[in-house]
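Next up, start-v3.txt (compact mmCIF, C-alpha atoms and all ligand atoms):
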```
# COMPACT_ATOMS: atom_id res chain seq x y z
CA MET A 6 -31.79 -39.71 -44.61
CA PRO A 7 -31.22 -36.22 -43.10
CA ASP A 8 -28.83 -35.97 -40.14
CA CYS A 9 -27.34 -39.36 -40.98
CA ARG A 10 -23.62 -39.91 -40.62
CA SER A 11 -21.83 -43.11 -41.61
CA ILE A 12 -18.33 -44.20 -40.73
CA GLN A 13 -16.73 -47.30 -42.17
CA VAL A 14 -14.44 -49.35 -39.92
CA ASN A 15 -12.05 -51.23 -42.20
CA THR A 16 -11.26 -54.21 -40.03
CA THR A 17 -11.77 -57.85 -41.05
CA PRO A 18 -14.67 -57.97 -41.60
CA ALA A 19 -15.36 -54.29 -42.26
CA TYR A 20 -18.55 -52.72 -40.91
CA GLY A 21 -20.40 -49.45 -40.81
CA VAL A 22 -21.25 -47.22 -37.87
CA THR A 23 -24.43 -45.28 -38.61
CA ILE A 24 -25.31 -42.29 -36.42
CA ALA A 25 -28.81 -40.86 -36.88
CA PRO A 26 -32.13 -40.26 -35.11
CA GLY A 27 -34.81 -42.96 -35.34
CA LEU A 28 -32.48 -45.90 -35.92
CA LEU A 29 -34.01 -48.20 -33.28
CA ALA A 30 -37.39 -48.05 -35.03
CA ALA A 31 -35.62 -48.59 -38.35
CA CYS A 32 -33.18 -51.31 -37.22
CA GLY A 33 -35.13 -54.13 -38.91
CA PRO A 34 -34.87 -52.89 -42.50
CA ARG A 35 -31.34 -51.55 -41.88
CA LEU A 36 -30.15 -54.99 -40.73
CA ARG A 37 -32.18 -56.78 -43.39
CA ALA A 38 -30.13 -54.86 -45.96
CA LEU A 39 -27.02 -56.47 -44.43
CA MET A 40 -28.16 -60.04 -43.83
CA PRO A 41 -30.88 -62.51 -44.82
CA PRO A 42 -33.75 -63.25 -42.39
CA CYS A 43 -32.41 -65.11 -39.35
CA HIS A 44 -32.97 -65.54 -35.62
CA MET A 45 -31.99 -62.46 -33.61
CA ALA A 46 -31.30 -62.79 -29.85
CA VAL A 47 -31.75 -59.28 -28.46
CA ILE A 48 -29.70 -58.97 -25.26
CA THR A 49 -30.58 -55.98 -23.11
CA ASP A 50 -30.84 -54.92 -19.47
CA SER A 51 -33.65 -54.11 -17.08
CA ALA A 52 -33.16 -50.33 -17.49
CA VAL A 53 -33.21 -50.31 -21.29
CA ALA A 54 -35.83 -53.02 -21.93
CA PRO A 55 -38.84 -50.92 -20.80
CA LEU A 56 -37.70 -48.03 -23.00
CA TYR A 57 -36.67 -49.61 -26.28
CA LEU A 58 -37.13 -53.39 -26.42
CA ASP A 59 -40.64 -53.26 -27.92
CA THR A 60 -39.55 -50.82 -30.63
CA VAL A 61 -36.59 -52.98 -31.60
CA GLN A 62 -38.54 -56.25 -31.50
CA ARG A 63 -41.31 -54.80 -33.66
CA SER A 64 -38.89 -53.42 -36.23
CA LEU A 65 -36.93 -56.69 -36.45
CA SER A 66 -40.06 -58.87 -36.66
CA THR A 67 -41.64 -56.68 -39.33
CA ALA A 68 -38.45 -56.97 -41.37
CA GLY A 69 -38.71 -60.78 -41.26
CA PHE A 70 -36.39 -61.70 -38.37
CA ALA A 71 -37.37 -64.17 -35.63
CA VAL A 72 -36.69 -62.44 -32.29
CA SER A 73 -35.81 -63.82 -28.84
CA PRO A 74 -35.23 -61.18 -26.15
CA TYR A 75 -33.07 -61.74 -23.07
CA VAL A 76 -33.11 -59.19 -20.21
CA PHE A 77 -30.53 -59.17 -17.39
CA PRO A 78 -30.40 -56.87 -14.31
CA ALA A 79 -28.87 -53.48 -15.20
CA GLY A 80 -25.46 -52.55 -13.81
CA GLU A 81 -21.76 -53.40 -13.93
CA GLY A 82 -22.45 -55.95 -11.18
CA SER A 83 -24.08 -58.12 -13.86
CA LYS A 84 -20.95 -58.26 -16.04
CA THR A 85 -20.01 -61.63 -14.61
CA LEU A 86 -19.31 -65.20 -15.64
CA SER A 87 -22.71 -66.21 -14.27
CA THR A 88 -24.67 -63.72 -16.45
CA LEU A 89 -22.54 -64.76 -19.41
CA ALA A 90 -23.35 -68.42 -18.70
CA ASN A 91 -27.07 -67.59 -18.52
CA ILE A 92 -26.91 -65.80 -21.88
CA LEU A 93 -25.04 -68.71 -23.48
CA GLU A 94 -27.59 -71.20 -22.14
CA PHE A 95 -30.35 -68.97 -23.48
CA LEU A 96 -28.79 -68.87 -26.97
CA ALA A 97 -28.44 -72.66 -26.94
CA GLU A 98 -31.97 -73.22 -25.61
CA ARG A 99 -33.35 -70.95 -28.36
CA ARG A 100 -31.23 -72.95 -30.85
CA LEU A 101 -29.42 -70.07 -32.46
CA THR A 102 -27.07 -71.28 -35.18
CA ARG A 103 -24.03 -69.80 -36.86
CA THR A 104 -26.22 -68.05 -39.43
CA ASP A 105 -28.11 -66.22 -36.65
CA CYS A 106 -27.23 -63.03 -34.84
CA VAL A 107 -26.92 -61.48 -31.37
CA VAL A 108 -28.14 -57.91 -30.90
CA ALA A 109 -26.62 -55.84 -28.08
CA LEU A 110 -29.23 -53.23 -27.13
CA GLY A 111 -27.97 -50.87 -24.44
CA GLY A 112 -24.88 -49.30 -22.93
CA GLY A 113 -21.33 -50.47 -22.38
CA VAL A 114 -22.12 -53.37 -20.05
CA THR A 115 -24.64 -54.83 -22.49
CA GLY A 116 -22.35 -54.40 -25.48
CA ASP A 117 -19.44 -56.06 -23.68
CA MET A 118 -21.52 -58.99 -22.40
CA ALA A 119 -23.57 -59.65 -25.50
CA GLY A 120 -20.46 -59.28 -27.66
CA PHE A 121 -18.52 -61.76 -25.53
CA ALA A 122 -21.44 -64.21 -25.65
CA ALA A 123 -21.46 -63.87 -29.46
CA ALA A 124 -17.68 -64.39 -29.55
CA VAL A 125 -17.77 -67.72 -27.69
CA TYR A 126 -21.18 -69.19 -28.58
CA LEU A 127 -20.58 -71.86 -31.26
CA ARG A 128 -17.02 -70.44 -31.38
CA GLY A 129 -18.39 -67.17 -32.68
CA ILE A 130 -21.55 -65.86 -34.28
CA ARG A 131 -22.42 -62.47 -35.71
CA TYR A 132 -23.55 -59.60 -33.50
CA VAL A 133 -24.68 -56.03 -33.96
CA GLN A 134 -24.49 -53.13 -31.57
CA LEU A 135 -27.42 -50.81 -30.88
CA PRO A 136 -25.83 -48.38 -28.37
CA THR A 137 -28.28 -46.40 -26.26
CA THR A 138 -25.83 -44.39 -24.11
CA LEU A 139 -23.32 -41.73 -25.07
CA LEU A 140 -20.51 -43.86 -23.63
CA ALA A 141 -21.41 -46.83 -25.81
CA ALA A 142 -21.87 -44.55 -28.82
CA VAL A 143 -18.53 -42.72 -28.58
CA ASP A 144 -16.43 -45.67 -27.50
CA SER A 145 -17.46 -49.15 -26.43
CA SER A 146 -19.79 -50.16 -29.29
CA VAL A 147 -16.99 -49.69 -31.82
CA GLY A 148 -13.77 -51.66 -32.08
CA GLY A 149 -14.79 -55.18 -31.15
CA LYS A 150 -13.62 -55.36 -27.54
CA THR A 151 -15.90 -57.62 -25.53
CA ALA A 152 -15.41 -58.72 -21.91
CA ILE A 153 -16.69 -59.58 -18.48
CA ASP A 154 -15.20 -58.73 -15.09
CA LEU A 155 -13.52 -61.30 -12.83
CA ALA A 156 -13.06 -61.07 -9.04
CA ALA A 157 -9.45 -59.98 -9.68
CA GLY A 158 -10.42 -57.04 -11.88
CA LYS A 159 -12.32 -55.36 -14.68
CA ASN A 160 -12.62 -56.87 -18.18
CA LEU A 161 -10.16 -59.67 -17.38
CA ALA A 162 -11.89 -62.25 -19.60
CA GLY A 163 -12.93 -61.31 -23.09
CA ALA A 164 -12.37 -61.54 -26.82
CA PHE A 165 -11.95 -59.34 -29.84
CA LEU A 166 -14.92 -59.69 -32.19
CA GLN A 167 -15.93 -56.88 -34.52
CA PRO A 168 -19.69 -56.29 -34.80
CA ALA A 169 -21.42 -56.71 -38.14
CA ALA A 170 -22.89 -53.21 -37.77
CA VAL A 171 -23.34 -50.41 -35.25
CA LEU A 172 -26.59 -48.43 -35.38
CA CYS A 173 -26.45 -45.45 -33.06
CA ASP A 174 -29.87 -43.87 -32.56
CA THR A 175 -29.19 -40.31 -31.37
CA ASP A 176 -32.78 -39.97 -30.08
CA CYS A 177 -31.75 -42.17 -27.13
CA LEU A 178 -29.35 -39.50 -25.89
CA ALA A 179 -32.01 -36.85 -25.27
CA THR A 180 -33.51 -38.75 -22.33
CA LEU A 181 -30.31 -39.99 -20.68
CA PRO A 182 -30.02 -39.14 -16.96
CA LYS A 183 -27.39 -36.43 -16.38
CA ASP A 184 -24.95 -38.82 -14.74
CA VAL A 185 -25.21 -41.34 -17.57
CA PHE A 186 -24.62 -38.59 -20.17
CA ALA A 187 -21.59 -37.47 -18.11
CA ASP A 188 -20.15 -41.00 -18.36
CA GLY A 189 -20.06 -40.64 -22.13
CA ALA A 190 -18.70 -37.10 -21.89
CA ALA A 191 -15.73 -38.56 -19.98
CA GLU A 192 -14.82 -40.88 -22.87
CA ALA A 193 -15.28 -38.05 -25.40
CA ILE A 194 -13.10 -35.68 -23.32
CA LYS A 195 -10.56 -38.52 -23.18
CA THR A 196 -10.60 -38.67 -26.98
CA GLY A 197 -10.06 -34.91 -27.14
CA VAL A 198 -7.02 -35.19 -24.86
CA LEU A 199 -5.71 -38.01 -27.05
CA CYS A 200 -5.99 -36.45 -30.45
CA ASP A 201 -8.10 -33.32 -30.86
CA GLU A 202 -7.93 -30.16 -28.77
CA SER A 203 -10.95 -28.69 -30.59
CA LEU A 204 -13.06 -31.73 -29.57
CA PHE A 205 -11.88 -31.26 -25.99
CA SER A 206 -12.81 -27.59 -26.06
CA LEU A 207 -16.43 -28.40 -27.03
CA PHE A 208 -16.80 -29.64 -23.44
CA GLU A 209 -14.96 -26.84 -21.68
CA ASP A 210 -17.90 -24.66 -20.71
CA GLY A 211 -19.96 -27.66 -19.55
CA THR A 212 -22.79 -27.15 -22.06
CA LEU A 213 -21.46 -29.31 -24.92
CA SER A 214 -21.33 -26.65 -27.60
CA ALA A 215 -22.01 -29.11 -30.45
CA GLU A 216 -24.60 -31.69 -31.43
CA PRO A 217 -23.96 -35.05 -29.72
CA ALA A 218 -24.02 -36.61 -33.22
CA GLU A 219 -21.05 -34.44 -34.18
CA VAL A 220 -19.15 -35.52 -31.06
CA ILE A 221 -19.96 -39.20 -31.67
CA ALA A 222 -18.84 -38.97 -35.30
CA ARG A 223 -15.54 -37.36 -34.34
CA CYS A 224 -14.83 -39.90 -31.58
CA VAL A 225 -15.80 -42.85 -33.77
CA GLY A 226 -13.83 -41.49 -36.73
CA TYR A 227 -10.67 -41.30 -34.61
CA LYS A 228 -11.26 -44.68 -32.99
CA ALA A 229 -11.96 -46.37 -36.33
CA GLY A 230 -8.55 -45.27 -37.63
CA VAL A 231 -6.75 -46.55 -34.53
CA VAL A 232 -8.61 -49.88 -34.59
CA GLU A 233 -7.93 -50.35 -38.32
CA ARG A 234 -4.20 -49.92 -37.70
CA ASP A 235 -4.06 -51.98 -34.50
CA GLU A 236 -7.15 -54.15 -34.07
CA LYS A 237 -5.73 -56.40 -31.32
CA GLU A 238 -4.10 -53.67 -29.22
CA ARG A 239 -0.49 -54.57 -29.87
CA GLY A 240 0.61 -50.92 -29.84
CA GLU A 241 -1.23 -47.77 -30.89
CA ARG A 242 -4.64 -48.95 -29.61
CA LYS A 243 -3.26 -48.90 -26.07
CA LEU A 244 -3.58 -45.10 -26.29
CA LEU A 245 -7.37 -45.51 -26.06
CA ASN A 246 -6.83 -46.66 -22.48
CA LEU A 247 -5.98 -43.12 -21.36
CA GLY A 248 -7.30 -42.74 -17.79
CA HIS A 249 -8.27 -46.40 -17.64
CA THR A 250 -5.46 -47.88 -15.49
CA VAL A 251 -6.42 -45.79 -12.48
CA GLY A 252 -10.05 -45.71 -13.67
CA HIS A 253 -10.37 -49.49 -13.58
CA ALA A 254 -8.64 -49.52 -10.17
CA ILE A 255 -11.23 -47.03 -8.85
CA GLU A 256 -14.06 -49.17 -10.23
CA LYS A 257 -12.64 -52.24 -8.54
CA CYS A 258 -11.95 -50.49 -5.21
CA SER A 259 -15.54 -49.19 -5.20
CA GLY A 260 -16.98 -52.65 -5.82
CA TYR A 261 -18.13 -51.26 -9.20
CA ALA A 262 -20.32 -48.64 -7.51
CA VAL A 263 -18.45 -45.88 -9.40
CA PRO A 264 -19.63 -45.98 -13.03
CA HIS A 265 -17.04 -46.54 -15.75
CA GLY A 266 -17.08 -43.01 -17.24
CA HIS A 267 -16.84 -41.37 -13.83
CA ALA A 268 -13.90 -43.64 -12.95
CA VAL A 269 -12.17 -42.86 -16.27
CA ALA A 270 -12.62 -39.13 -15.58
CA ALA A 271 -10.93 -39.49 -12.20
CA GLY A 272 -8.21 -41.65 -13.78
CA LEU A 273 -7.64 -39.02 -16.46
CA ALA A 274 -7.32 -36.28 -13.84
CA VAL A 275 -4.85 -38.41 -11.85
CA ILE A 276 -2.59 -39.17 -14.83
CA ALA A 277 -2.74 -35.54 -16.02
CA ARG A 278 -1.58 -34.27 -12.60
CA ALA A 279 1.07 -36.99 -12.44
CA ALA A 280 2.33 -36.17 -15.96
CA GLU A 281 2.71 -32.54 -14.99
CA ALA A 282 4.31 -33.24 -11.59
CA LEU A 283 6.77 -35.79 -13.00
CA GLY A 284 7.83 -33.59 -15.92
CA TRP A 285 6.33 -35.85 -18.61
CA ALA A 286 3.98 -33.17 -19.95
CA GLU A 287 5.29 -30.48 -22.33
CA GLU A 288 3.16 -27.77 -20.73
CA PRO A 289 0.72 -27.30 -17.83
CA ILE A 290 -2.33 -29.44 -18.60
CA ALA A 291 -3.82 -30.65 -15.34
CA ALA A 292 -5.80 -27.55 -14.34
CA ARG A 293 -7.47 -27.33 -17.77
CA ILE A 294 -8.33 -31.04 -17.86
CA THR A 295 -9.69 -31.15 -14.31
CA ALA A 296 -11.72 -27.96 -14.88
CA CYS A 297 -13.26 -29.46 -18.02
CA LEU A 298 -14.15 -32.71 -16.22
CA ALA A 299 -15.67 -30.83 -13.29
CA GLN A 300 -17.72 -28.61 -15.66
CA ASN A 301 -19.27 -31.80 -17.02
CA GLY A 302 -20.24 -33.16 -13.61
CA LEU A 303 -17.33 -35.59 -13.44
CA PRO A 304 -14.98 -36.39 -10.56
CA THR A 305 -11.32 -35.32 -10.61
CA GLY A 306 -9.99 -37.51 -7.83
CA ALA A 307 -10.78 -40.52 -5.69
CA ASP A 308 -11.03 -41.19 -1.97
CA TYR A 309 -8.89 -44.30 -1.99
CA ALA A 310 -5.39 -44.69 -0.62
CA PRO A 311 -2.72 -44.64 -3.36
CA GLU A 312 -1.57 -48.06 -2.11
CA ALA A 313 -5.05 -49.54 -2.64
CA LEU A 314 -5.28 -48.06 -6.15
CA ALA A 315 -1.77 -49.22 -7.07
CA GLU A 316 -2.55 -52.73 -5.81
CA ALA A 317 -5.80 -52.85 -7.82
CA ALA A 318 -4.09 -51.41 -10.91
CA SER A 319 -1.30 -53.96 -10.77
CA ALA A 320 -3.87 -56.65 -11.70
CA ASP A 321 -4.81 -54.64 -14.80
CA LYS A 322 -4.47 -56.37 -18.14
CA LYS A 323 -2.18 -53.57 -19.35
CA ARG A 324 0.49 -55.15 -17.15
CA ALA A 325 3.02 -57.27 -19.02
CA GLY A 326 5.39 -59.21 -16.77
CA GLY A 327 6.95 -56.71 -14.37
CA ASP A 328 5.98 -53.64 -16.39
CA ILE A 329 2.80 -51.71 -16.99
CA THR A 330 2.15 -49.35 -19.91
CA LEU A 331 0.65 -46.01 -18.98
CA VAL A 332 -0.94 -43.54 -21.38
CA VAL A 333 0.56 -40.16 -20.57
CA PRO A 334 -0.73 -36.81 -21.85
CA ARG A 335 2.04 -34.55 -23.18
CA ARG A 336 -0.41 -31.81 -24.09
CA ILE A 337 -4.12 -31.64 -24.90
CA GLY A 338 -4.37 -33.45 -28.22
CA LEU A 339 -1.21 -35.54 -27.86
CA CYS A 340 -0.46 -38.53 -25.61
CA GLU A 341 2.25 -41.17 -25.52
CA LEU A 342 2.74 -44.67 -24.14
CA LYS A 343 5.16 -44.99 -21.24
CA LYS A 344 6.23 -48.36 -19.89
CA ILE A 345 7.18 -48.31 -16.20
CA PRO A 346 8.09 -51.04 -13.72
CA VAL A 347 4.97 -51.99 -11.70
CA PRO A 348 6.51 -50.85 -8.35
CA GLU A 349 6.78 -47.29 -9.77
CA LEU A 350 3.03 -47.14 -10.26
CA LEU A 351 2.53 -46.19 -6.62
CA ASN A 352 4.67 -43.03 -7.02
CA VAL A 353 2.79 -42.09 -10.17
CA ILE A 354 -0.57 -42.49 -8.44
CA ARG A 355 0.67 -40.58 -5.39
CA ALA A 356 1.84 -37.72 -7.62
CA GLY A 357 -1.50 -37.75 -9.44
CA LEU A 358 -3.63 -37.72 -6.30
CA GLU A 359 -1.57 -35.03 -4.62
CA GLY A 360 -0.72 -32.86 -7.66
N1 LIG B 401 -12.16 -48.65 -25.05
C1 LIG B 401 -10.85 -48.78 -25.55
C2 LIG B 401 -10.76 -49.62 -26.79
O1 LIG B 401 -11.78 -49.98 -27.38
O2 LIG B 401 -9.68 -49.96 -27.20
```
I need this file expressed as C-alpha cells, please.
Amino acid sequence: MPDCRSIQVNTTPAYGVTIAPGLLAACGPRLRALMPPCHMAVITDSAVAPLYLDTVQRSLSTAGFAVSPYVFPAGEGSKTLSTLANILEFLAERRLTRTDCVVALGGGVTGDMAGFAAAVYLRGIRYVQLPTTLLAAVDSSVGGKTAIDLAAGKNLAGAFLQPAAVLCDTDCLATLPKDVFADGAAEAIKTGVLCDESLFSLFEDGTLSAEPAEVIARCVGYKAGVVERDEKERGERKLLNLGHTVGHAIEKCSGYAVPHGHAVAAGLAVIARAAEALGWAEEPIAARITACLAQNGLPTGADYAPEALAEAASADKKRAGGDITLVVPRRIGLCELKKIPVPELLNVIRAGLEG
C-alpha cells in the first residue's frame, strides 16, 4: 500500500501501529488478518459517529465480524464512571465474550474510555484503536494507558492494557477543526521538546512543514521505544508527562472546558519558563517554546491563581507520598525527571506563570 507506515510496539503482547490513508474503510480486512471472526463492540462518540461509524461498521461486517455500535456524548465531560458503567452494561447485554473485541473509534476520550472498559470487562478483553484525531494518533492511542476522570482529578482510575492493533487513518486529519488539530500539535511539540529538536522545528512557523503522517510516525516511533522499555511507567515513561502536571490542573480548574492538548500546551509553557527561571535549563528555552505553541494556535499560560493550580496538581497521580515528579526541559530535545516536595510545587508554578 502506498503511503503506508508501520511501527511495531514490542510490549506483551506486541502490536502494530499502521499509519495510512483509507484505513477506516479497510479496517475489516485488516483486523480479519489479525483475528478470527468475532463480535466487535464499536465505541464512539456523538461527534465521530456521524462521520465514520457507517464506514467502519460496513467494513467490519463485510469482513465477517458481528458489529454492535455504542455512541456516547462527545467531550471530556463524558469520561466518567457513569459512562464507563453504561458501556460495561452494553457489552454484557450484547453478550460479548473473551474471544470478542472492543473497537475504540475516535479521539483521546474515546480511546481512554473504550480501552478501560475492555480492560475491566470480563477481567479484560481485546481492543483495537482507530484514532480519528491528531492527538490520539500521535499519543493516546499507543501505549495502553486507559482511564476515566474522577471528581478529584483527571485519569485517576484506569488500567494499562495494550491494544491488539492501532489503525490510524490519515484521511481523518484533513477535516479536523483547527482547534482539534492544534490539540494534537501540542502533544507532537511536546515530543519534540522531549527527544527531537528537528521534530519541534517542523512546527515553528505554524504551518507544519511536513506531512502529518511523518509527524505521527516520528512521535509513535519515539513513544513505542519508551513504552517497550517501561510499559507501566516506573521510570522513563514518566517523561511522556511533560506539561501534564500543570496541564491536568488547568483541565480540572476549568471543569474540563479547556481541551487536553490546549492544557498540555499551557503546562509545557509554564514548566519551560519555570525551568529557565529556576536555573534547571541549560540554555534559554522558554521564548522559543512559547513562540512555537502560539504559532500553532495554542495557549502559553492560564488565568488561574498559582495556588489553585498547585492545589489541583497536588491530587495528580504523579504524586508519590509527599513528593511529585516533574518533567523538566533542559534544552529542546532533552528533558529530565525532577522529584520535588509537593509544597515546592507552588513556587515552581509561580515561576512558570510569571517567567
Ligand atoms: N500520554 C502519556 C503516556 O502514554 O505515557
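A distance search around ligand LIG 401 (chain B) (8 Å at most, all atoms listed in the file) returns the following protein and nucleic acid residues: Asp144, Ser145, Val147, Gly148, Gly149, Lys150, Lys228, Val232, Glu238, Arg242, Lys243, Leu244, Leu245 and Asn246 of chain A.
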*asked:* Can you pull out the residues contacting range 293-306 of chain A? Cut-off 9 Å, using only C-alpha atoms, and skip same-chain residues under 6 positions away; I want them as a count of residues only.
replied: 30
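For the pair CA of Phe70 in chain A and CA of Asn91 in chain A, the interatomic distance is 22.7 Å.
By only C-alpha atoms, and with residues fewer than 5 positions from Arg63 in chain A along its chain excluded, the set lying at most 9 Å from it is A:Ala30, A:Gly33, A:Leu58, A:Ala68.
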*Could you give me, as a PyMOL selection string, the residues within 8 Å of range 351-356 of chain A, counting all atoms listed in the file and dropping anything in the same chain fewer than 3 positions from it?*
chain A and resi 251+275-276+278-279+282-283+311-312+314-315+348+359-360
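CA of Phe186 in chain A sits 7.5 Å away from CA of Leu140 in chain A.
Those residues positioned at most 8 Å from (-2.0, -51.6, -9.9) are A:Thr250, A:Val251, A:Ala254, A:Leu314, A:Ala315, A:Glu316, A:Ala317, A:Ala318, A:Ser319, A:Ala320, A:Asp321, A:Val347, A:Leu350, A:Leu351, judged using only C-alpha atoms.
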